[in-house]
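S.K.: Following this line is input.tsv, made up of TSV, C-alpha atoms and all ligand atoms:
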```
chain	number	residue	atom	x	y	z
A	15	MET	CA	0.88	-6.03	-19.82
A	16	PRO	CA	-0.92	-5.88	-16.45
A	17	HIS	CA	1.21	-5.39	-13.37
A	18	PRO	CA	1.50	-8.21	-10.85
A	19	VAL	CA	-0.61	-7.41	-7.79
A	20	LEU	CA	1.43	-5.97	-4.91
A	21	VAL	CA	0.37	-5.87	-1.25
A	22	ALA	CA	1.52	-3.16	1.17
A	23	PRO	CA	0.50	-3.89	4.77
A	24	SER	CA	-0.24	-0.71	6.73
A	25	LEU	CA	1.81	-0.48	9.90
A	26	LEU	CA	-1.01	1.47	11.56
A	27	ALA	CA	-2.77	-1.81	12.37
A	28	ALA	CA	0.33	-3.53	13.77
A	29	ASP	CA	0.96	-4.26	17.45
A	30	PHE	CA	3.09	-1.25	18.42
A	31	THR	CA	4.50	-3.02	21.47
A	32	ARG	CA	6.20	-5.43	19.00
A	33	LEU	CA	6.89	-3.18	16.03
A	34	ALA	CA	10.17	-4.78	14.91
A	35	GLN	CA	8.74	-8.32	15.01
A	36	GLU	CA	5.62	-7.18	13.15
A	37	VAL	CA	7.68	-5.69	10.31
A	38	GLU	CA	9.81	-8.80	10.05
A	39	ALA	CA	6.71	-11.01	10.14
A	40	VAL	CA	4.91	-9.27	7.24
A	41	GLU	CA	8.09	-9.31	5.17
A	42	ALA	CA	8.48	-13.05	5.80
A	43	ALA	CA	4.79	-13.46	4.91
A	44	GLY	CA	5.40	-12.07	1.41
A	45	ALA	CA	4.52	-8.37	1.73
A	46	ASP	CA	5.88	-6.27	-1.15
A	47	TRP	CA	5.93	-2.79	0.40
A	48	LEU	CA	5.42	-1.45	3.94
A	49	HIS	CA	2.78	1.31	4.03
A	50	LEU	CA	3.38	4.02	6.64
A	51	ASP	CA	0.50	6.38	7.48
A	52	ILE	CA	1.64	9.78	8.72
A	53	MET	CA	-1.15	11.83	10.34
A	54	ASP	CA	-0.93	15.28	11.86
A	55	GLY	CA	-4.22	15.77	13.75
A	56	HIS	CA	-4.96	18.70	11.46
A	57	PHE	CA	-5.24	17.45	7.87
A	58	VAL	CA	-6.90	14.32	9.31
A	59	PRO	CA	-8.50	13.91	12.75
A	60	ASN	CA	-5.84	11.55	14.11
A	61	ILE	CA	-2.13	11.66	14.98
A	62	SER	CA	0.21	8.76	14.21
A	63	PHE	CA	4.01	8.98	14.06
A	64	GLY	CA	6.86	10.83	12.40
A	65	PRO	CA	10.13	10.17	10.55
A	66	PHE	CA	11.90	8.71	13.60
A	67	ILE	CA	9.81	5.52	13.35
A	68	LEU	CA	10.92	5.08	9.73
A	69	LYS	CA	14.53	5.61	10.74
A	70	THR	CA	14.21	3.04	13.52
A	71	LEU	CA	12.64	0.41	11.27
A	72	ARG	CA	14.71	1.07	8.12
A	73	PRO	CA	17.61	-1.30	8.99
A	74	LEU	CA	15.21	-4.16	9.77
A	75	THR	CA	13.74	-4.72	6.31
A	76	ARG	CA	14.36	-4.56	2.58
A	77	MET	CA	10.71	-3.72	1.82
A	78	PRO	CA	10.27	-0.33	0.14
A	79	PHE	CA	8.70	2.21	2.51
A	80	ASP	CA	5.45	3.52	0.99
A	81	VAL	CA	4.93	6.72	2.95
A	82	HIS	CA	1.44	8.22	2.92
A	83	LEU	CA	1.56	11.81	4.17
A	84	MET	CA	-1.74	12.96	5.62
A	85	ILE	CA	-0.22	16.23	6.78
A	86	ALA	CA	-0.59	19.85	5.74
A	87	PRO	CA	1.61	21.43	4.69
A	88	ALA	CA	3.74	18.50	3.48
A	89	ASP	CA	6.57	20.44	1.80
A	90	PRO	CA	8.58	21.30	4.96
A	91	TYR	CA	8.80	17.58	5.90
A	92	LEU	CA	9.61	15.90	2.56
A	93	ALA	CA	13.37	15.90	3.11
A	94	ALA	CA	13.02	14.53	6.65
A	95	PHE	CA	10.96	11.56	5.42
A	96	ALA	CA	13.33	10.98	2.50
A	97	GLU	CA	16.34	10.96	4.84
A	98	ALA	CA	14.57	8.67	7.31
A	99	GLY	CA	14.15	5.99	4.64
A	100	ALA	CA	11.03	6.67	2.56
A	101	ASP	CA	11.13	5.16	-0.94
A	102	HIS	CA	7.75	6.48	-2.07
A	103	ILE	CA	6.22	9.72	-0.80
A	104	ILE	CA	2.50	10.16	-1.39
A	105	VAL	CA	0.76	13.48	-0.81
A	106	HIS	CA	-2.81	14.75	-1.01
A	107	PRO	CA	-3.54	17.62	-3.43
A	108	GLU	CA	-5.50	19.40	-0.65
A	109	ALA	CA	-2.35	19.57	1.52
A	110	GLY	CA	-1.32	22.50	-0.69
A	111	PRO	CA	-0.35	24.99	-1.54
A	112	HIS	CA	1.08	23.75	-4.89
A	113	PRO	CA	0.82	19.99	-5.50
A	114	HIS	CA	2.78	20.20	-8.76
A	115	ARG	CA	5.72	21.79	-6.95
A	116	THR	CA	5.46	19.22	-4.13
A	117	LEU	CA	5.62	16.32	-6.59
A	118	GLN	CA	8.61	17.92	-8.33
A	119	ALA	CA	10.32	18.21	-4.94
A	120	ILE	CA	9.72	14.52	-4.16
A	121	GLY	CA	11.25	13.57	-7.53
A	122	ALA	CA	14.20	15.88	-6.89
A	123	LEU	CA	14.85	14.00	-3.63
A	124	GLY	CA	15.20	10.82	-5.72
A	125	LYS	CA	11.98	9.28	-4.40
A	126	LYS	CA	8.93	7.91	-6.19
A	127	ALA	CA	6.09	10.44	-6.13
A	128	GLY	CA	2.47	9.59	-5.40
A	129	LEU	CA	-0.80	11.50	-5.30
A	130	ALA	CA	-3.63	10.37	-2.98
A	131	LEU	CA	-7.23	11.04	-3.98
A	132	ASN	CA	-9.79	11.16	-1.18
A	133	PRO	CA	-13.28	9.75	-1.85
A	134	GLY	CA	-14.51	13.29	-2.64
A	135	THR	CA	-11.49	14.33	-4.71
A	136	PRO	CA	-11.89	14.15	-8.49
A	137	VAL	CA	-9.60	12.31	-10.91
A	138	GLY	CA	-8.67	15.59	-12.60
A	139	HIS	CA	-6.15	16.30	-9.82
A	140	ALA	CA	-4.11	13.33	-11.04
A	141	ALA	CA	-4.64	14.11	-14.73
A	142	THR	CA	-2.98	17.51	-14.49
A	143	VAL	CA	0.21	16.16	-12.87
A	144	ILE	CA	0.36	12.72	-14.50
A	145	ASP	CA	3.84	13.38	-15.93
A	146	LEU	CA	5.23	13.60	-12.37
A	147	LEU	CA	3.55	10.54	-10.90
A	148	ASP	CA	4.81	7.05	-10.07
A	149	ILE	CA	1.81	6.11	-7.90
A	150	VAL	CA	-1.84	7.12	-7.70
A	151	LEU	CA	-3.41	6.18	-4.36
A	152	VAL	CA	-7.20	5.89	-4.41
A	153	MET	CA	-8.61	6.34	-0.91
A	154	SER	CA	-11.52	3.95	-0.54
A	155	VAL	CA	-12.26	5.39	2.92
A	156	ASN	CA	-11.89	8.90	4.29
A	157	PRO	CA	-8.31	9.12	5.57
A	158	GLY	CA	-7.50	9.15	9.27
A	159	PHE	CA	-8.33	5.74	10.68
A	160	GLY	CA	-7.85	2.07	9.95
A	161	GLY	CA	-10.68	-0.44	10.08
A	162	GLN	CA	-13.25	1.53	8.08
A	163	LYS	CA	-15.70	0.14	5.55
A	164	PHE	CA	-14.66	0.05	1.87
A	165	LEU	CA	-16.54	2.62	-0.26
A	166	ASP	CA	-17.52	0.90	-3.49
A	167	THR	CA	-18.36	4.28	-5.04
A	168	GLN	CA	-14.58	4.50	-5.64
A	169	LEU	CA	-14.56	1.63	-8.15
A	170	ALA	CA	-15.61	3.94	-10.99
A	171	LYS	CA	-12.73	6.26	-10.08
A	172	ILE	CA	-10.28	3.34	-10.21
A	173	ALA	CA	-11.53	2.44	-13.70
A	174	GLU	CA	-11.20	6.06	-14.86
A	175	LEU	CA	-7.66	6.26	-13.48
A	176	ARG	CA	-6.74	2.98	-15.20
A	177	ARG	CA	-7.72	4.54	-18.54
A	178	LEU	CA	-5.80	7.72	-17.71
A	179	ILE	CA	-2.66	5.81	-16.71
A	180	ASP	CA	-2.76	3.55	-19.76
A	181	ALA	CA	-3.19	6.57	-22.03
A	182	SER	CA	-0.19	8.27	-20.39
A	183	GLY	CA	2.14	5.41	-21.28
A	184	ARG	CA	3.86	5.90	-17.90
A	185	ASP	CA	4.73	3.16	-15.44
A	186	ILE	CA	2.36	4.22	-12.64
A	187	ARG	CA	1.09	1.97	-9.85
A	188	LEU	CA	-2.65	2.23	-9.16
A	189	GLU	CA	-2.91	1.63	-5.42
A	190	VAL	CA	-6.05	1.40	-3.28
A	191	ASP	CA	-6.15	2.19	0.45
A	192	GLY	CA	-8.93	1.57	2.97
A	193	GLY	CA	-11.13	-1.39	3.82
A	194	ILE	CA	-9.17	-3.75	1.56
A	195	ASP	CA	-9.45	-7.47	2.17
A	196	ALA	CA	-10.01	-10.66	0.17
A	197	ARG	CA	-13.64	-9.68	-0.42
A	198	THR	CA	-13.09	-6.09	-1.61
A	199	ALA	CA	-9.83	-6.47	-3.59
A	200	PRO	CA	-11.23	-8.50	-6.54
A	201	ALA	CA	-13.60	-5.73	-7.69
A	202	CYS	CA	-10.68	-3.25	-7.51
A	203	ILE	CA	-8.49	-5.56	-9.60
A	204	GLU	CA	-11.35	-5.88	-12.07
A	205	ALA	CA	-11.52	-2.08	-12.27
A	206	GLY	CA	-7.77	-1.83	-12.91
A	207	ALA	CA	-6.00	-1.53	-9.54
A	208	ASP	CA	-2.67	-3.33	-9.15
A	209	THR	CA	-1.50	-2.48	-5.61
A	210	PHE	CA	-3.26	-2.77	-2.25
A	211	VAL	CA	-2.76	-1.23	1.16
A	212	ALA	CA	-4.20	-3.45	3.89
A	213	GLY	CA	-3.99	-2.78	7.62
A	214	THR	CA	-6.66	-4.66	9.53
A	215	ALA	CA	-6.95	-7.47	6.96
A	216	VAL	CA	-3.25	-8.37	7.38
A	217	PHE	CA	-2.24	-7.41	10.93
A	218	GLY	CA	-5.62	-8.49	12.27
A	219	ALA	CA	-5.28	-11.94	10.73
A	220	LYS	CA	-3.83	-14.97	12.49
A	221	ASP	CA	-1.92	-16.00	9.37
A	222	TYR	CA	-0.30	-12.98	7.64
A	223	ALA	CA	0.84	-15.00	4.60
A	224	ALA	CA	-2.65	-16.37	3.97
A	225	ALA	CA	-4.17	-12.88	4.30
A	226	ILE	CA	-1.66	-11.40	1.83
A	227	SER	CA	-2.18	-14.23	-0.70
A	228	ALA	CA	-5.95	-13.87	-0.42
A	229	ILE	CA	-5.76	-10.15	-1.27
A	230	ARG	CA	-3.62	-10.96	-4.32
A	231	GLY	CA	-6.48	-13.24	-5.38
A	232	ARG	CA	-4.61	-16.44	-4.73
A	233	ALA	CA	-5.39	-18.91	-2.01
A	234	ARG	CA	-2.26	-19.81	-0.11
A	235	PRO	CA	-0.61	-22.89	-1.62
A	236	VAL	CA	-1.68	-25.90	0.40
A	237	ALA	CA	1.19	-27.99	1.71
A	238	VAL	CA	1.10	-31.37	-0.03
A	239	PRO	CA	1.81	-34.24	2.37
A	240	PRO	CA	4.68	-36.54	1.33
A	241	LEU	CA	3.60	-39.54	-0.75
A	242	ALA	CA	2.98	-42.61	1.33
A	243	ALA	CA	4.85	-45.79	0.39
A	244	PRO	CA	2.75	-47.83	-2.09
A	245	PRO	CA	0.59	-50.43	-0.40
A	246	LEU	CA	2.20	-53.88	-0.46
A	247	ALA	CA	-0.60	-55.37	-2.58
A	248	ILE	CA	0.43	-53.39	-5.70
A	249	THR	CA	4.21	-53.78	-5.47
A	250	SER	CA	5.76	-56.18	-7.94
A	251	ALA	CA	7.12	-58.23	-5.04
A	252	ALA	CA	3.61	-58.71	-3.74
A	253	ARG	CA	2.32	-59.76	-7.18
A	254	THR	CA	4.85	-62.51	-7.77
B	1	LIG	C1	-6.35	5.45	6.47
B	1	LIG	C2	-5.00	4.96	6.08
B	1	LIG	C3	-4.94	3.54	5.71
B	1	LIG	C4	-5.30	2.57	6.82
B	1	LIG	C5	-5.92	1.37	6.17
B	1	LIG	O1	-6.26	6.81	6.69
B	1	LIG	O2	-4.50	5.69	4.96
B	1	LIG	O3	-3.67	3.19	5.16
B	1	LIG	O4	-4.21	2.19	7.60
B	1	LIG	O5	-6.44	0.54	7.14
B	1	LIG	P1	-7.48	-0.63	6.83
B	1	LIG	O6	-6.80	-1.55	5.83
B	1	LIG	O7	-7.69	-1.26	8.16
B	1	LIG	O8	-8.69	-0.01	6.24
B	2	ZN	ZN	-2.62	5.02	3.95
```
Please render this file's structure as structure tokens.

M.R.:
Amino acid sequence: MPHPVLVAPSLLAADFTRLAQEVEAVEAAGADWLHLDIMDGHFVPNISFGPFILKTLRPLTRMPFDVHLMIAPADPYLAAFAEAGADHIIVHPEAGPHPHRTLQAIGALGKKAGLALNPGTPVGHAATVIDLLDIVLVMSVNPGFGGQKFLDTQLAKIAELRRLIDASGRDIRLEVDGGIDARTAPACIEAGADTFVAGTAVFGAKDYAAAISAIRGRARPVAVPPLAAPPLAITSAART
């Protein structure tokens, strides 16, 4: 049974002068998860924010926090992100030193564990730890910045991961991150993805709800105007 498509707007593309309103707005617009990109200026060439932002935002929303750690090492910070309100913690195998141990530690904290695969990182990294995974995150751009172009070379990897996940019999979300919008999501869904991170395509849109629906592959329901009163000529009173 295929999963329903979930959309996780990435806070990185939000207006940081209005962070609370932005979070409330994407939740009201139908977002399923909130994706939080944590960057250390070392594992990736950019610096974003730390656990205190999660802690500040946690009381404002019921959306699960999908925390993408682009930091190395990740192990010393897992507990801090868990305590600050992370529901999912996603790490990169290259963050080292022992991804299997890191995923065990995330599970031991009571959080869902995810593995992120960069465009140049092979599927085998997920295969060897599949028994510990709740999420596989396919990076369809090199991590570090929002607003990059979707790499369609990653579609074959999505299809391979779909086969791997189905063969495992585990309930694992296959999430795609980078350059996702209404034009790039359909090919990912076709290849087997069921969850989308979208920064620019949601926070850069005028209408967040329409942008989220479009990524799910559904146009936003059009409001139907109320029925007008029947014209006099066809009422029974008019006929008699
Ligand atoms: C990139 C991040 C992404 C980023 C996506 O390193 O992992 O989550 O925010 O941004 P868009 O959707 O604009 O490509
Ligand atoms: Zn991300």

S.K.: Would you kindly return, as a PyMOL selection string, each protein, DNA or RNA residue with an atom no farther than 8 Å from any atom of A:Pro23, considering only C-alpha atoms and excluding same-chain residues fewer than 4 positions away?

M.R.: chain A and resi 40+45+47-49+211-213+216-217

S.K.: 8 Å from ligand LIG 1 (chain B) is the threshold here; counting all atoms listed in the file, which polymer residues fall inside it? Answer as an NGL selection string.

M.R.: :A and (23-27 or 49-51 or 58 or 82 or 84 or 153 or 155-164 or 191-195 or 211-216)

S.K.: Measure the distance from atom CA of A:Ala22 to atom CA of A:His112 in Å and round it to one decimal.

M.R.: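 Atom CA of A:His112 lies 27.6 Å from atom CA of A:Ala22.
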
S.K.: Between atom CA of A:Pro59 and atom CA of A:Leu83, measure the distance and give it in Å to one decimal.

M.R.: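 Value for the atom CA of A:Pro59-atom CA of A:Leu83 distance: 13.4 Å.
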
S.K.: Which one of A:Leu129, A:Phe95, A:Ala86, A:Val137 sits closest to A:Pro65 if you count all atoms listed in the file?

M.R.: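 The closest residue to A:Pro65 is A:Phe95.
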
S.K.: For a cutoff of 7 Å around the file-coordinate point (16.0, 9.4, 11.1), which residues qualify once you count all atoms listed in the file? I'd like the result as a list in words.

M.R.: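 Residues with an atom at most 7 Å from (16.0, 9.4, 11.1): Pro65, Phe66, Leu68, Lys69, Glu97 and Ala98 of chain A.
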
S.K.: Give the answer as one residue: which of A:Ile104, A:Phe79, A:His17, A:Ala199 has the shortest atom-to-atom distance to A:Asp180, using all atoms listed in the file?

M.R.: A:His17

S.K.: Report the distance between atom CA of A:His102 and atom CA of A:Thr142 in Å, rounded to one decimal place.

M.R.: 19.8 Å

S.K.: Taking into account all atoms listed in the file, which residue in the set A:Ala122, A:Val19, A:Ala141, A:Ile85 is nearest to ligand ZN 2 (chain B)?

M.R.: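 Once distances to ligand ZN 2 (chain B) are computed over all atoms listed in the file, the minimum belongs to A:Ile85.
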
S.K.: For the point (-8.0, 7.9, -5.0) in the file's frame, write as a list in words all residues with an atom no more than 8 Å away, counting all atoms listed in the file.

M.R.: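 Checking each residue against the 8 Å limit leaves Ala130, Leu131, Asn132, Pro133, Thr135, Val137, Val150, Leu151, Val152, Met153, Ser154, Gln168, Lys171, Ile172 and Val190 of chain A.
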